[in-house]
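Asks: Below you'll find start12.txt; it's compact mmCIF, N, CA and C atoms.
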# COMPACT_ATOMS: atom_id res chain seq x y z
N MET A 9 27.79 129.51 16.55
CA MET A 9 28.00 130.61 17.48
C MET A 9 27.18 130.35 18.74
N LEU A 10 27.73 130.72 19.84
CA LEU A 10 27.00 130.60 21.11
C LEU A 10 25.88 131.62 21.15
N GLU A 11 24.84 131.31 21.89
CA GLU A 11 23.72 132.23 22.00
C GLU A 11 24.11 133.51 22.75
N ASN A 12 24.84 133.37 23.84
CA ASN A 12 25.25 134.52 24.64
C ASN A 12 26.49 134.16 25.45
N TYR A 13 27.58 134.87 25.21
CA TYR A 13 28.84 134.56 25.87
C TYR A 13 28.81 134.86 27.37
N ALA A 14 28.11 135.91 27.76
CA ALA A 14 28.06 136.24 29.19
C ALA A 14 27.35 135.13 29.96
N THR A 15 26.26 134.63 29.41
CA THR A 15 25.54 133.52 30.04
C THR A 15 26.38 132.25 30.00
N TYR A 16 27.00 131.98 28.87
CA TYR A 16 27.86 130.81 28.71
C TYR A 16 28.96 130.79 29.77
N ARG A 17 29.62 131.93 29.98
CA ARG A 17 30.70 132.01 30.98
C ARG A 17 30.15 131.74 32.37
N LYS A 18 29.06 132.42 32.70
CA LYS A 18 28.52 132.35 34.07
C LYS A 18 27.85 131.01 34.37
N LYS A 19 27.04 130.52 33.45
CA LYS A 19 26.22 129.35 33.76
C LYS A 19 26.82 128.03 33.31
N GLU A 20 27.79 128.07 32.39
CA GLU A 20 28.38 126.82 31.93
C GLU A 20 29.86 126.70 32.27
N LEU A 21 30.65 127.69 31.85
CA LEU A 21 32.10 127.57 32.06
C LEU A 21 32.50 127.59 33.53
N LEU A 22 32.03 128.59 34.26
CA LEU A 22 32.46 128.71 35.66
C LEU A 22 32.08 127.47 36.47
N PRO A 23 30.85 126.95 36.35
CA PRO A 23 30.53 125.72 37.09
C PRO A 23 31.39 124.53 36.65
N ARG A 24 31.66 124.41 35.36
CA ARG A 24 32.48 123.29 34.88
C ARG A 24 33.90 123.39 35.40
N VAL A 25 34.46 124.58 35.36
CA VAL A 25 35.82 124.77 35.86
C VAL A 25 35.86 124.51 37.37
N GLY A 26 34.83 124.95 38.08
CA GLY A 26 34.74 124.67 39.52
C GLY A 26 34.71 123.18 39.81
N ARG A 27 33.91 122.46 39.03
CA ARG A 27 33.84 121.00 39.20
C ARG A 27 35.19 120.36 38.91
N LEU A 28 35.84 120.79 37.84
CA LEU A 28 37.16 120.27 37.52
C LEU A 28 38.13 120.54 38.66
N GLY A 29 38.05 121.73 39.26
CA GLY A 29 38.91 122.08 40.38
C GLY A 29 38.69 121.19 41.59
N ARG A 30 37.45 120.79 41.81
CA ARG A 30 37.15 119.89 42.94
C ARG A 30 37.64 118.47 42.66
N GLU A 31 37.57 118.05 41.42
CA GLU A 31 37.95 116.68 41.08
C GLU A 31 39.42 116.53 40.72
N LEU A 32 40.06 117.63 40.38
CA LEU A 32 41.47 117.61 39.98
C LEU A 32 42.18 118.72 40.75
N GLU A 33 42.12 118.59 42.08
CA GLU A 33 42.52 119.66 42.99
C GLU A 33 43.93 120.21 42.76
N GLY A 34 44.94 119.37 42.83
CA GLY A 34 46.32 119.83 42.74
C GLY A 34 46.65 120.58 41.47
N PRO A 35 46.46 119.94 40.31
CA PRO A 35 46.78 120.63 39.06
C PRO A 35 45.97 121.91 38.85
N MET A 36 44.70 121.88 39.22
CA MET A 36 43.88 123.08 39.03
C MET A 36 44.30 124.19 39.98
N ALA A 37 44.67 123.85 41.20
CA ALA A 37 45.17 124.86 42.13
C ALA A 37 46.46 125.47 41.59
N ASP A 38 47.32 124.61 41.05
CA ASP A 38 48.58 125.10 40.48
C ASP A 38 48.30 125.99 39.26
N PHE A 39 47.35 125.58 38.43
CA PHE A 39 47.00 126.38 37.25
C PHE A 39 46.44 127.73 37.68
N GLY A 40 45.60 127.73 38.72
CA GLY A 40 45.05 128.98 39.23
C GLY A 40 46.14 129.91 39.72
N LYS A 41 47.12 129.34 40.42
CA LYS A 41 48.24 130.16 40.90
C LYS A 41 49.04 130.70 39.72
N LEU A 42 49.28 129.87 38.72
CA LEU A 42 49.99 130.32 37.52
C LEU A 42 49.22 131.46 36.85
N HIS A 43 47.91 131.32 36.75
CA HIS A 43 47.09 132.35 36.12
C HIS A 43 47.17 133.66 36.90
N ARG A 44 46.99 133.59 38.21
CA ARG A 44 47.03 134.82 39.04
C ARG A 44 48.39 135.49 38.96
N THR A 45 49.45 134.70 39.03
CA THR A 45 50.81 135.26 38.99
C THR A 45 51.10 135.89 37.63
N THR A 46 50.72 135.19 36.59
CA THR A 46 50.99 135.67 35.23
C THR A 46 50.21 136.93 34.91
N MET A 47 48.96 137.01 35.34
CA MET A 47 48.11 138.14 34.98
C MET A 47 48.24 139.33 35.94
N ALA A 48 49.03 139.18 36.99
CA ALA A 48 49.23 140.29 37.92
C ALA A 48 49.99 141.43 37.22
N GLU A 49 49.77 142.63 37.72
CA GLU A 49 50.49 143.79 37.19
C GLU A 49 51.99 143.54 37.27
N GLY A 50 52.71 143.91 36.26
CA GLY A 50 54.16 143.75 36.22
C GLY A 50 54.70 144.73 35.20
N ALA A 51 55.71 144.32 34.45
CA ALA A 51 56.23 145.16 33.38
C ALA A 51 55.12 145.44 32.36
N LEU A 52 54.22 144.47 32.20
CA LEU A 52 53.02 144.68 31.37
C LEU A 52 51.82 144.81 32.30
N PRO A 53 50.95 145.77 32.04
CA PRO A 53 49.74 145.87 32.86
C PRO A 53 48.82 144.69 32.58
N THR A 54 47.98 144.37 33.55
CA THR A 54 47.03 143.27 33.41
C THR A 54 46.18 143.43 32.16
N GLN A 55 45.77 144.62 31.87
CA GLN A 55 44.95 144.88 30.68
C GLN A 55 45.66 144.38 29.42
N THR A 56 46.93 144.69 29.27
CA THR A 56 47.70 144.27 28.11
C THR A 56 47.80 142.75 28.07
N LYS A 57 48.04 142.14 29.22
CA LYS A 57 48.13 140.69 29.27
C LYS A 57 46.82 140.03 28.86
N GLU A 58 45.70 140.61 29.27
CA GLU A 58 44.40 140.06 28.88
C GLU A 58 44.17 140.21 27.38
N LEU A 59 44.61 141.31 26.81
CA LEU A 59 44.47 141.49 25.36
C LEU A 59 45.34 140.48 24.60
N ILE A 60 46.52 140.21 25.10
CA ILE A 60 47.38 139.18 24.49
C ILE A 60 46.69 137.82 24.57
N ALA A 61 46.16 137.51 25.75
CA ALA A 61 45.48 136.23 25.94
C ALA A 61 44.27 136.12 25.01
N LEU A 62 43.54 137.21 24.81
CA LEU A 62 42.40 137.19 23.90
C LEU A 62 42.86 136.93 22.47
N GLY A 63 43.94 137.57 22.05
CA GLY A 63 44.46 137.32 20.70
C GLY A 63 44.84 135.87 20.50
N ILE A 64 45.44 135.28 21.50
CA ILE A 64 45.81 133.86 21.43
C ILE A 64 44.55 133.00 21.43
N ALA A 65 43.55 133.37 22.21
CA ALA A 65 42.30 132.61 22.26
C ALA A 65 41.63 132.57 20.89
N VAL A 66 41.62 133.71 20.22
CA VAL A 66 41.02 133.77 18.88
C VAL A 66 41.83 132.94 17.90
N ALA A 67 43.15 133.13 17.90
CA ALA A 67 44.01 132.41 16.95
C ALA A 67 43.98 130.90 17.19
N SER A 68 43.77 130.48 18.44
CA SER A 68 43.74 129.04 18.75
C SER A 68 42.31 128.48 18.73
N ARG A 69 41.33 129.34 18.42
CA ARG A 69 39.93 128.92 18.23
C ARG A 69 39.30 128.31 19.48
N CYS A 70 39.46 128.99 20.60
CA CYS A 70 38.94 128.49 21.88
C CYS A 70 37.80 129.38 22.37
N GLN A 71 36.55 128.93 22.18
CA GLN A 71 35.40 129.74 22.57
C GLN A 71 35.37 130.04 24.07
N GLY A 72 35.68 129.06 24.89
CA GLY A 72 35.70 129.29 26.33
C GLY A 72 36.75 130.33 26.71
N CYS A 73 37.91 130.24 26.07
CA CYS A 73 38.97 131.21 26.34
C CYS A 73 38.54 132.62 25.91
N ILE A 74 37.83 132.70 24.77
CA ILE A 74 37.30 133.99 24.32
C ILE A 74 36.37 134.56 25.38
N ALA A 75 35.47 133.73 25.88
CA ALA A 75 34.52 134.20 26.90
C ALA A 75 35.25 134.73 28.12
N PHE A 76 36.23 133.98 28.61
CA PHE A 76 36.97 134.43 29.79
C PHE A 76 37.76 135.70 29.52
N HIS A 77 38.47 135.76 28.40
CA HIS A 77 39.41 136.87 28.20
C HIS A 77 38.76 138.14 27.68
N VAL A 78 37.62 138.05 26.97
CA VAL A 78 36.88 139.28 26.66
C VAL A 78 36.37 139.88 27.97
N HIS A 79 35.78 139.03 28.80
CA HIS A 79 35.28 139.49 30.11
C HIS A 79 36.40 140.11 30.93
N ASP A 80 37.52 139.40 31.04
CA ASP A 80 38.61 139.87 31.90
C ASP A 80 39.33 141.09 31.32
N ALA A 81 39.38 141.19 30.00
CA ALA A 81 39.98 142.39 29.39
C ALA A 81 39.14 143.62 29.70
N ARG A 82 37.82 143.48 29.59
CA ARG A 82 36.94 144.61 29.93
C ARG A 82 37.07 144.94 31.42
N LYS A 83 37.09 143.90 32.25
CA LYS A 83 37.22 144.11 33.69
C LYS A 83 38.53 144.84 34.02
N ALA A 84 39.58 144.55 33.25
CA ALA A 84 40.88 145.19 33.47
C ALA A 84 40.93 146.61 32.88
N GLY A 85 39.84 147.03 32.23
CA GLY A 85 39.76 148.39 31.73
C GLY A 85 39.98 148.56 30.25
N ALA A 86 40.10 147.47 29.50
CA ALA A 86 40.29 147.59 28.05
C ALA A 86 39.04 148.17 27.41
N SER A 87 39.23 149.07 26.48
CA SER A 87 38.11 149.66 25.77
C SER A 87 37.65 148.74 24.65
N ARG A 88 36.48 149.00 24.16
CA ARG A 88 35.97 148.26 23.00
C ARG A 88 36.97 148.38 21.84
N GLU A 89 37.47 149.58 21.62
CA GLU A 89 38.40 149.82 20.51
C GLU A 89 39.68 149.00 20.67
N GLN A 90 40.18 148.89 21.89
CA GLN A 90 41.39 148.08 22.13
C GLN A 90 41.12 146.61 21.88
N ILE A 91 39.96 146.14 22.29
CA ILE A 91 39.61 144.74 22.05
C ILE A 91 39.45 144.47 20.56
N VAL A 92 38.77 145.35 19.86
CA VAL A 92 38.58 145.17 18.42
C VAL A 92 39.93 145.19 17.70
N GLU A 93 40.82 146.08 18.10
CA GLU A 93 42.15 146.12 17.49
C GLU A 93 42.92 144.82 17.76
N THR A 94 42.77 144.29 18.96
CA THR A 94 43.38 142.99 19.29
C THR A 94 42.85 141.90 18.36
N LEU A 95 41.56 141.94 18.07
CA LEU A 95 40.97 140.97 17.14
C LEU A 95 41.60 141.09 15.76
N GLY A 96 41.95 142.31 15.36
CA GLY A 96 42.63 142.50 14.07
C GLY A 96 44.00 141.85 14.05
N VAL A 97 44.75 141.97 15.14
CA VAL A 97 46.06 141.33 15.23
C VAL A 97 45.91 139.81 15.20
N ALA A 98 44.91 139.30 15.91
CA ALA A 98 44.66 137.85 15.91
C ALA A 98 44.30 137.38 14.50
N LEU A 99 43.52 138.17 13.80
CA LEU A 99 43.15 137.84 12.42
C LEU A 99 44.40 137.78 11.54
N LEU A 100 45.26 138.75 11.68
CA LEU A 100 46.52 138.77 10.93
C LEU A 100 47.32 137.50 11.17
N MET A 101 47.41 137.10 12.44
CA MET A 101 48.24 135.95 12.80
C MET A 101 47.55 134.61 12.53
N GLY A 102 46.23 134.58 12.53
CA GLY A 102 45.52 133.31 12.42
C GLY A 102 44.79 133.07 11.11
N GLY A 103 44.76 134.05 10.21
CA GLY A 103 44.13 133.86 8.92
C GLY A 103 42.62 133.67 9.00
N GLY A 104 42.08 132.93 8.02
CA GLY A 104 40.65 132.73 7.89
C GLY A 104 39.98 132.16 9.12
N PRO A 105 40.52 131.07 9.73
CA PRO A 105 39.87 130.55 10.93
C PRO A 105 39.82 131.59 12.05
N ALA A 106 40.85 132.41 12.17
CA ALA A 106 40.84 133.46 13.20
C ALA A 106 39.77 134.50 12.90
N MET A 107 39.47 134.72 11.61
CA MET A 107 38.42 135.67 11.26
C MET A 107 37.09 135.21 11.84
N VAL A 108 36.79 133.92 11.73
CA VAL A 108 35.55 133.39 12.27
C VAL A 108 35.52 133.56 13.79
N TYR A 109 36.63 133.26 14.46
CA TYR A 109 36.66 133.37 15.92
C TYR A 109 36.76 134.82 16.38
N ALA A 110 37.32 135.70 15.55
CA ALA A 110 37.29 137.13 15.88
C ALA A 110 35.84 137.61 15.89
N SER A 111 35.02 137.11 14.95
CA SER A 111 33.60 137.48 14.96
C SER A 111 32.91 136.93 16.21
N GLU A 112 33.34 135.75 16.68
CA GLU A 112 32.81 135.20 17.93
C GLU A 112 33.19 136.11 19.11
N ALA A 113 34.44 136.57 19.13
CA ALA A 113 34.89 137.44 20.22
C ALA A 113 34.15 138.77 20.20
N LEU A 114 33.85 139.29 19.01
CA LEU A 114 33.08 140.52 18.90
C LEU A 114 31.67 140.32 19.47
N GLN A 115 31.08 139.16 19.19
CA GLN A 115 29.77 138.85 19.77
C GLN A 115 29.87 138.74 21.29
N ALA A 116 30.96 138.13 21.78
CA ALA A 116 31.16 138.04 23.23
C ALA A 116 31.24 139.42 23.84
N LEU A 117 31.96 140.34 23.19
CA LEU A 117 32.08 141.71 23.69
C LEU A 117 30.70 142.36 23.75
N ASP A 118 29.91 142.19 22.70
CA ASP A 118 28.55 142.73 22.71
C ASP A 118 27.73 142.13 23.85
N ASP A 119 27.82 140.82 24.04
CA ASP A 119 27.06 140.15 25.09
C ASP A 119 27.43 140.67 26.47
N PHE A 120 28.72 140.82 26.73
CA PHE A 120 29.13 141.29 28.05
C PHE A 120 28.76 142.76 28.25
N GLU A 121 28.86 143.57 27.23
CA GLU A 121 28.50 144.98 27.38
C GLU A 121 27.00 145.17 27.59
N LYS A 122 26.18 144.35 26.95
CA LYS A 122 24.73 144.43 27.13
C LYS A 122 24.32 144.00 28.53
N GLY A 123 25.01 143.00 29.05
CA GLY A 123 24.59 142.39 30.30
C GLY A 123 25.15 143.01 31.55
N CYS A 124 26.04 143.99 31.41
CA CYS A 124 26.68 144.50 32.62
C CYS A 124 26.94 145.99 32.50
N ALA A 125 26.20 146.77 33.26
CA ALA A 125 26.37 148.22 33.25
C ALA A 125 27.77 148.60 33.70
N ARG A 126 28.38 147.75 34.54
CA ARG A 126 29.73 148.04 35.03
C ARG A 126 30.70 148.19 33.86
N PHE A 127 30.57 147.34 32.84
CA PHE A 127 31.48 147.40 31.71
C PHE A 127 31.20 148.61 30.83
N SER A 128 29.95 148.94 30.63
CA SER A 128 29.65 150.09 29.79
C SER A 128 30.01 151.39 30.49
N ALA A 129 30.22 151.33 31.80
CA ALA A 129 30.58 152.54 32.55
C ALA A 129 32.08 152.74 32.65
N ILE A 130 32.89 151.84 32.09
CA ILE A 130 34.34 152.00 32.14
C ILE A 130 34.71 153.23 31.33
N PRO A 131 35.40 154.19 31.96
CA PRO A 131 35.73 155.42 31.24
C PRO A 131 36.66 155.12 30.06
N GLN A 132 36.38 155.76 28.95
CA GLN A 132 37.18 155.59 27.76
C GLN A 132 38.13 156.78 27.65
N PRO A 133 39.34 156.57 27.11
CA PRO A 133 40.26 157.69 26.95
C PRO A 133 39.73 158.67 25.93
N PRO A 134 40.10 159.94 26.06
CA PRO A 134 39.68 160.92 25.06
C PRO A 134 40.17 160.49 23.68
N GLU A 135 39.45 160.90 22.66
CA GLU A 135 39.84 160.53 21.30
C GLU A 135 41.26 160.99 21.01
N GLY A 136 42.05 160.11 20.43
CA GLY A 136 43.43 160.41 20.10
C GLY A 136 44.43 160.06 21.19
N VAL A 137 43.94 159.77 22.40
CA VAL A 137 44.82 159.41 23.50
C VAL A 137 44.92 157.89 23.56
N THR A 138 46.13 157.37 23.57
CA THR A 138 46.32 155.94 23.65
C THR A 138 46.87 155.56 25.00
N HIS A 139 46.67 154.29 25.35
CA HIS A 139 47.21 153.79 26.61
C HIS A 139 48.67 153.43 26.41
N PRO A 140 49.47 153.55 27.46
CA PRO A 140 50.88 153.18 27.32
C PRO A 140 51.02 151.70 27.07
Translate the structure described by the file into structure tokens.
Replies:
Amino acid sequence: MLENYATYRKKELLPRVGRLGRELEGPMADFGKLHRTTMAEGALPTQTKELIALGIAVASRCQGCIAFHVHDARKAGASREQIVETLGVALLMGGGPAMVYASEALQALDDFEKGCARFSAIPQPPEGVTHP
């Protein structure tokens, strides 16, 4: 398990991805455009798309992807409960290995919530109210 996902994202992943972007300009620029276009609001809200991406990250056992998509799901307004439920779906689809990575994603959620008041200040829906 990583020591802290928020630190890992900020101090390791982002600089590495930036370096890759400088050394592999064209494909990384194209990937960035694909990411922005895909995650933009559409028939599915960005929040839903981030939760889907997180489920895939867990099922495919990608720690870096977990760090990015837990962060981005919270940034898009996903509640802790929505993220945890997404981890349950990933567990269903990915079996035992997904269980281990779901626990990693839960740790990432804790790390990001501890390190950023902005995330803990995201308003949660009243009990019993679900998002469309």
Asks: By how many Å are CA of Pro105 in chain A and CA of His77 in chain A apart?
Replies: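 That distance, rounded to one decimal, is 18.4 Å.
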Asks: Nearest residue to Phe76 in chain A out of A:Ala48, A:Arg17, A:Thr54, A:Asp119, using only N, CA and C atoms?
Replies: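 Closest to Phe76 in chain A, using only N, CA and C atoms: A:Arg17.
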Asks: The centre and edge lengths of an axis-aligned box containing all atoms of range 23-30 of chain A present in the file, extended by 5 Å on each side, are to be given in Å to one decimal, as JSON.
Replies:
{"center_x": 34.7, "center_y": 122.7, "center_z": 38.9, "size_x": 18.4, "size_y": 18.5, "size_z": 18.1}
Asks: Which residue out of A:Val66, A:Leu59, A:Ala37, A:Leu22 has the minimum interatomic distance to Ser111 in chain A when only N, CA and C atoms are used?
Replies: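 Between A:Val66, A:Leu59, A:Ala37, A:Leu22, the residue approaching Ser111 in chain A most closely is A:Val66.
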Asks: From a DSSP pass on the backbone, collect the residues of chain A flagged as alpha helix (DSSP H) and hand them back as a PyMOL selection string.
Replies: chain A and resi 13-15+22-31+33-47+54-67+71-83+88-123+125-128
